[in-house]
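**Student:** Input coords.cif, format and content: mmCIF, C-alpha atoms.
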```
data_model
#
loop_
_atom_site.label_atom_id
_atom_site.label_comp_id
_atom_site.auth_asym_id
_atom_site.auth_seq_id
_atom_site.Cartn_x
_atom_site.Cartn_y
_atom_site.Cartn_z
CA MET I 154 0.00 0.00 0.00
CA LYS I 155 1.31 3.42 -0.96
CA LEU I 156 0.57 6.55 1.06
CA THR I 157 -0.58 9.46 -1.08
CA VAL I 158 -1.82 13.01 -0.53
CA CYS I 159 -4.19 15.09 -2.68
CA ASN I 160 -2.77 18.43 -3.74
CA GLU I 161 -5.81 20.74 -3.71
CA MET I 162 -5.57 21.36 0.04
CA PHE I 163 -2.25 23.11 -0.61
CA GLU I 164 -4.31 25.73 -2.47
CA ASP I 165 -1.88 28.39 -3.74
CA TRP I 166 1.23 26.20 -3.65
CA LYS I 167 3.10 25.46 -6.87
CA ILE I 168 2.94 21.78 -7.80
CA ASP I 169 6.74 21.55 -7.56
CA ASP I 170 6.59 22.62 -3.91
CA VAL I 171 3.81 20.12 -3.17
CA LEU I 172 5.89 17.31 -4.62
CA VAL I 173 8.98 18.28 -2.64
CA PHE I 174 7.14 18.75 0.66
CA SER I 175 5.15 15.54 0.30
CA LYS I 176 8.34 13.58 -0.29
CA GLU I 177 9.92 15.20 2.77
CA VAL I 178 6.97 14.10 4.91
CA GLY I 179 7.35 10.55 3.62
CA TYR I 180 4.51 10.15 1.13
CA ASP I 181 4.97 7.77 -1.77
CA ALA I 182 2.84 9.77 -4.19
CA VAL I 183 0.77 12.89 -4.86
CA GLU I 184 -2.72 12.84 -6.38
CA ILE I 185 -3.42 15.91 -8.52
CA ALA I 186 -6.63 17.85 -9.04
CA PRO I 187 -6.20 19.15 -12.62
CA PHE I 188 -7.94 22.47 -11.88
CA THR I 189 -4.96 23.36 -9.67
CA LEU I 190 -2.74 23.30 -12.75
CA ALA I 191 -4.98 25.02 -15.31
CA GLU I 192 -8.62 25.57 -16.21
CA THR I 193 -8.54 22.68 -18.66
CA ALA I 194 -6.11 19.92 -19.55
CA TYR I 195 -5.85 21.44 -23.01
CA ASP I 196 -4.13 24.43 -21.39
CA ILE I 197 -1.29 22.27 -20.03
CA SER I 198 1.37 22.04 -22.72
CA GLN I 199 3.37 18.93 -23.49
CA ALA I 200 6.44 20.76 -22.24
CA GLU I 201 4.79 21.52 -18.89
CA ARG I 202 3.57 17.94 -18.55
CA ALA I 203 7.08 16.67 -19.17
CA ARG I 204 8.50 19.21 -16.72
CA ILE I 205 6.14 18.17 -13.89
CA ARG I 206 6.91 14.51 -14.49
CA SER I 207 10.62 15.28 -14.46
CA VAL I 208 10.31 17.16 -11.15
CA ALA I 209 8.49 14.20 -9.61
CA ASP I 210 11.15 11.81 -10.89
CA ASP I 211 13.94 14.01 -9.55
CA VAL I 212 12.24 14.32 -6.16
CA GLY I 213 11.62 10.57 -6.05
CA ILE I 214 7.84 10.66 -5.66
CA GLU I 215 5.08 9.16 -7.79
CA ILE I 216 2.14 10.97 -9.31
CA ALA I 217 -0.68 8.62 -8.36
CA GLY I 218 -3.10 10.13 -10.85
CA LEU I 219 -5.91 12.67 -11.05
CA HIS I 220 -9.18 13.45 -9.26
CA TRP I 221 -11.85 16.22 -9.25
CA LEU I 222 -11.95 15.69 -13.00
CA PHE I 223 -15.08 17.63 -13.97
CA VAL I 224 -14.94 20.69 -11.72
CA SER I 225 -13.28 22.80 -14.39
CA PRO I 226 -14.20 24.07 -16.88
CA LYS I 227 -17.70 24.85 -15.71
CA GLY I 228 -20.71 23.28 -17.39
CA LEU I 229 -19.52 19.69 -17.80
CA HIS I 230 -21.93 16.82 -17.20
CA VAL I 231 -21.45 13.09 -17.71
CA ASN I 232 -25.05 11.96 -18.09
CA GLY I 233 -27.23 15.02 -18.57
CA PRO I 234 -29.80 15.57 -21.35
CA ASP I 235 -27.65 17.85 -23.54
CA ALA I 236 -25.76 15.73 -26.08
CA VAL I 237 -23.32 18.54 -26.86
CA ILE I 238 -22.35 18.84 -23.20
CA ARG I 239 -21.98 15.07 -22.86
CA ARG I 240 -19.70 14.99 -25.89
CA LYS I 241 -17.66 17.90 -24.52
CA THR I 242 -17.39 16.09 -21.18
CA ARG I 243 -16.25 12.88 -22.88
CA ASP I 244 -13.62 14.75 -24.88
CA HIS I 245 -12.47 16.54 -21.73
CA LEU I 246 -12.15 13.19 -19.95
CA CYS I 247 -10.12 11.78 -22.82
CA GLU I 248 -7.71 14.71 -22.69
CA LEU I 249 -7.36 14.15 -18.94
CA ILE I 250 -6.44 10.53 -19.67
CA HIS I 251 -3.65 11.80 -21.91
CA LEU I 252 -2.60 14.21 -19.15
CA CYS I 253 -2.56 11.47 -16.54
CA SER I 254 -0.45 9.24 -18.75
CA ASP I 255 1.92 12.09 -19.62
CA LEU I 256 2.45 12.77 -15.90
CA GLY I 257 3.14 9.10 -15.21
CA GLY I 258 -0.10 8.64 -13.27
CA ARG I 259 -1.96 5.34 -12.91
CA ASN I 260 -5.41 6.10 -11.51
CA MET I 261 -8.10 8.62 -12.40
CA ILE I 262 -10.83 9.09 -9.81
CA ILE I 263 -14.29 9.79 -11.24
CA GLY I 264 -16.07 11.64 -8.46
CA SER I 265 -17.41 15.15 -9.19
CA PRO I 266 -20.89 14.56 -7.71
CA GLN I 267 -22.75 17.45 -9.30
CA GLN I 268 -21.47 16.65 -12.76
CA ARG I 269 -23.18 13.24 -12.67
CA HIS I 270 -26.30 14.12 -10.67
CA VAL I 271 -29.43 12.79 -12.38
CA ASP I 272 -31.86 15.41 -13.62
CA ASP I 273 -35.44 14.71 -12.50
CA LYS I 274 -36.61 15.20 -16.08
CA VAL I 275 -34.25 12.50 -17.35
CA GLY I 276 -34.68 9.58 -14.99
CA PHE I 277 -32.14 7.10 -13.70
CA ASP I 278 -32.24 4.55 -16.52
CA GLN I 279 -31.52 7.10 -19.24
CA ALA I 280 -28.83 8.80 -17.15
CA PHE I 281 -27.25 5.40 -16.53
CA ALA I 282 -27.21 4.64 -20.26
CA TRP I 283 -25.58 7.99 -21.04
CA ALA I 284 -22.97 7.41 -18.33
CA VAL I 285 -22.14 4.02 -19.86
CA GLU I 286 -21.78 5.73 -23.23
CA THR I 287 -19.45 8.42 -21.87
CA PHE I 288 -17.26 6.09 -19.82
CA GLY I 289 -17.22 3.33 -22.40
CA ALA I 290 -15.66 5.63 -24.97
CA ALA I 291 -13.08 6.86 -22.46
CA ALA I 292 -12.22 3.40 -21.13
CA GLN I 293 -10.85 2.28 -24.47
CA LEU I 294 -8.41 5.19 -24.51
CA ALA I 295 -7.54 4.57 -20.85
CA GLY I 296 -6.59 1.02 -21.75
CA ASP I 297 -4.36 2.25 -24.55
CA GLU I 298 -2.69 4.75 -22.18
CA GLY I 299 -2.29 2.37 -19.23
CA VAL I 300 -4.62 4.38 -16.98
CA MET I 301 -7.28 2.95 -14.66
CA LEU I 302 -10.57 4.87 -14.46
CA CYS I 303 -11.85 4.44 -10.89
CA PHE I 304 -15.48 5.35 -10.37
CA GLU I 305 -16.08 6.86 -6.92
CA PRO I 306 -19.37 6.11 -5.12
CA LEU I 307 -20.34 9.26 -3.22
CA ASN I 308 -22.86 9.91 -0.48
CA SER I 309 -26.51 10.74 -1.09
CA GLY I 310 -26.07 14.20 0.40
CA ILE I 311 -24.15 15.33 -2.67
CA THR I 312 -25.34 13.09 -5.52
CA ASN I 313 -28.16 10.74 -6.45
CA PHE I 314 -26.08 8.66 -8.87
CA MET I 315 -23.96 5.70 -7.67
CA ARG I 316 -23.77 6.09 -3.89
CA ASN I 317 -22.22 2.80 -2.82
CA PRO I 318 -19.99 0.07 -4.27
CA THR I 319 -22.89 -2.24 -5.10
CA GLU I 320 -24.49 0.45 -7.28
CA ALA I 321 -21.11 1.29 -8.79
CA MET I 322 -20.58 -2.36 -9.72
CA ALA I 323 -23.65 -2.17 -11.95
CA LEU I 324 -21.96 0.65 -13.85
CA VAL I 325 -18.63 -1.18 -13.96
CA ASN I 326 -20.33 -4.26 -15.38
CA ALA I 327 -22.30 -2.24 -17.92
CA VAL I 328 -19.19 -0.47 -19.21
CA GLY I 329 -17.46 -3.85 -19.30
CA HIS I 330 -13.88 -2.71 -19.78
CA PRO I 331 -10.85 -3.78 -17.70
CA ASN I 332 -9.76 -0.15 -17.36
CA PHE I 333 -13.03 1.00 -15.81
CA HIS I 334 -13.30 -0.15 -12.20
CA MET I 335 -13.94 1.73 -8.95
CA MET I 336 -12.59 2.97 -5.63
CA VAL I 337 -13.75 3.65 -2.07
CA ASP I 338 -14.02 7.00 -0.29
CA VAL I 339 -14.04 6.47 3.48
CA TYR I 340 -15.96 9.66 4.29
CA SER I 341 -18.81 9.03 1.84
CA SER I 342 -18.97 5.35 2.76
CA SER I 343 -19.27 6.31 6.42
CA LEU I 344 -22.08 8.77 5.74
CA GLU I 345 -23.93 6.04 3.86
CA GLY I 346 -23.62 3.77 6.89
CA LEU I 347 -21.64 1.14 5.02
CA ASP I 348 -19.54 -1.61 6.57
CA ILE I 349 -16.37 -0.50 4.81
CA PRO I 350 -14.26 -3.62 5.51
CA ALA I 351 -17.11 -5.79 4.20
CA GLU I 352 -17.43 -3.64 1.06
CA ILE I 353 -13.70 -3.93 0.44
CA ARG I 354 -13.79 -7.70 0.75
CA ALA I 355 -16.89 -8.01 -1.43
CA HIS I 356 -15.54 -5.91 -4.30
CA SER I 357 -11.79 -6.32 -3.91
CA ASP I 358 -11.15 -7.29 -7.54
CA TYR I 359 -12.51 -3.93 -8.68
CA ILE I 360 -11.20 -1.52 -6.01
CA HIS I 361 -8.01 0.20 -7.13
CA HIS I 362 -7.83 3.29 -4.92
CA ILE I 363 -8.87 4.47 -1.44
CA HIS I 364 -9.57 8.05 -0.37
CA THR I 365 -8.64 8.23 3.28
CA ASN I 366 -10.51 10.76 5.40
CA ASP I 367 -12.92 10.35 8.30
CA ASP I 368 -16.62 10.55 9.10
CA ASN I 369 -16.17 14.25 9.89
CA GLY I 370 -14.71 15.05 6.46
CA TYR I 371 -11.32 15.69 8.00
CA SER I 372 -8.08 13.74 8.16
CA PRO I 373 -7.94 9.98 8.70
CA GLY I 374 -7.94 9.18 12.40
CA SER I 375 -9.67 12.41 13.41
CA GLY I 376 -13.17 10.93 13.66
CA GLY I 377 -14.95 7.71 14.44
CA VAL I 378 -13.93 5.46 11.55
CA ASP I 379 -12.39 2.11 12.53
CA TYR I 380 -9.24 2.36 10.45
CA PRO I 381 -7.51 -0.75 11.83
CA ALA I 382 -10.44 -2.81 10.53
CA ILE I 383 -10.19 -1.14 7.10
CA ILE I 384 -6.46 -1.76 6.88
CA ALA I 385 -6.98 -5.37 7.95
CA ALA I 386 -9.49 -5.85 5.13
CA LEU I 387 -7.12 -4.27 2.62
CA ARG I 388 -4.35 -6.61 3.76
CA ASP I 389 -6.68 -9.59 3.51
CA VAL I 390 -7.41 -8.83 -0.15
CA GLU I 391 -3.76 -7.93 -0.86
CA PHE I 392 -4.54 -4.35 -1.87
CA ASP I 393 -1.34 -2.81 -3.22
CA SER I 394 -2.45 0.54 -4.61
CA TYR I 395 -2.87 4.02 -3.13
CA LEU I 396 -4.22 5.18 0.24
CA SER I 397 -4.77 8.83 -0.61
CA VAL I 398 -5.48 11.57 1.92
CA GLU I 399 -8.36 13.79 0.77
CA VAL I 400 -9.85 16.25 3.26
CA PHE I 401 -12.62 18.82 2.90
CA ASN I 402 -11.51 21.12 5.70
CA PHE I 403 -8.13 22.72 5.09
CA GLU I 404 -7.63 24.04 8.64
CA PRO I 405 -5.29 24.74 10.28
CA ASP I 406 -2.92 24.42 7.31
CA PRO I 407 -1.87 21.85 4.71
CA LYS I 408 1.45 21.07 6.33
CA THR I 409 -0.19 20.06 9.60
CA ILE I 410 -2.89 18.02 7.87
CA ALA I 411 -0.38 16.24 5.64
CA GLN I 412 1.96 15.41 8.51
CA GLU I 413 -0.71 14.25 10.96
CA SER I 414 -2.44 12.16 8.29
CA TYR I 415 0.83 10.57 7.27
CA ASP I 416 1.80 9.77 10.85
CA PHE I 417 -1.59 8.15 11.50
CA LEU I 418 -1.61 6.05 8.33
CA ARG I 419 2.04 5.07 8.68
CA SER I 420 1.30 3.78 12.19
CA LEU I 421 -1.11 1.32 10.55
CA VAL I 422 0.88 0.65 7.38
CA PRO I 423 4.57 0.42 8.27
CA ALA I 424 7.03 1.28 5.50
#
```
Go through the file and emit its structure as structure tokens.
**Tutor:**
Amino acid sequence: MKLTVCNEMFEDWKIDDVLVFSKEVGYDAVEIAPFTLAETAYDISQAERARIRSVADDVGIEIAGLHWLFVSPKGLHVNGPDAVIRRKTRDHLCELIHLCSDLGGRNMIIGSPQQRHVDDKVGFDQAFAWAVETFGAAAQLAGDEGVMLCFEPLNSGITNFMRNPTEAMALVNAVGHPNFHMMVDVYSSSLEGLDIPAEIRAHSDYIHHIHTNDDNGYSPGSGGVDYPAIIAALRDVEFDSYLSVEVFNFEPDPKTIAQESYDFLRSLVPA
């Protein structure tokens, strides 16, 4: 298991500084929110992609991949009624796959709850079919680029589409591509009242990434989640991918959050 930290909590930091600091703390990898680099992936030149990858290589830290994929530019939607927007979203996702590959990343986390929320006028079945269409087209490219698309079930307080691993498995099966699987977010799973270790064991063949946080939306170990049980389940299924710190409260500062999260996770997952 590799310990990873998401970069958006560093807010105004340059990505180079995030990579250096994260390595100093002890993290194995950094997970990047593309909107922290530019408004769109199209705005990130090949030279800049190569430069960031080179910095990571020089520092000795991995780029785990990308998340918060559809936050920027505004107006994207995976499964909404507007075909032009869906096509734009698909093309945007495909460019992000190129970006992820260019940076040396492995996993892309498909969360972005509002950009997949089902419109009441559409209905679930149609929205599901459009999602399969969008992700099916992208999965083929992901396979070519060696990138895993990891769908993220999110809690019902922020989306009405795919809120737990069982629901997400229906989407994974419908897309039917080896580069479209899923991941687990501890915070959302806790809010949904899920038995997280049981979910991990039930869907282990399809879980490629874990967002570590707690039932309060803050750093792992700061709330009521039973992390030893989660880690035990991950060991049982021989999970060897990323445990990535993603928080939604950036107080008091990113350095403190990154260090405390690392110390807690490292106490459970020795180097």
**Student:** Provide the CA of Pro373 in chain I to CA of Leu347 in chain I distance in Å, to one decimal place.
**Tutor:**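 Result for CA of Pro373 in chain I versus CA of Leu347 in chain I: 16.7 Å, one decimal.
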**Student:** Identify which of the residues I:Asn332, I:Ser414, I:Asn317, I:Ser265 lies closest to Asp367 in chain I, counting all atoms listed in the file when measuring atom-to-atom distances.
**Tutor:**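 That would be I:Ser414, the residue with the smallest distance to Asp367 in chain I.
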**Student:** On this structure, the PyMOL selection byres ((chain I and resi 323-329) around 10) would catch which residues? List them as a list in words, sorted by chain and number.
**Tutor:**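 Those residues are Phe281, Ala282, Ala284, Val285, Glu286, Thr287, Phe288, Gly289, Ala290, Ala292, Cys303, Phe304, Met315, Pro318, Thr319, Glu320, Ala321, Met322, His330, Pro331, Asn332, Phe333, His334, Met335 and Tyr359 of chain I.
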**Student:** Contacts of range 200-213 of chain I at 7 Å or less, counting all atoms listed in the file, minus same-chain residues fewer than 5 places along, as a PyMOL selection string?
**Tutor:** chain I and resi 169+172-173+255-257
**Student:** Between I:Leu252, I:Ile168, I:Ala280, I:Leu344, which residue has the minimum interatomic distance to Val300 in chain I, considering all atoms listed in the file?
**Tutor:**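 Among the listed residues, I:Leu252 lies closest to Val300 in chain I.
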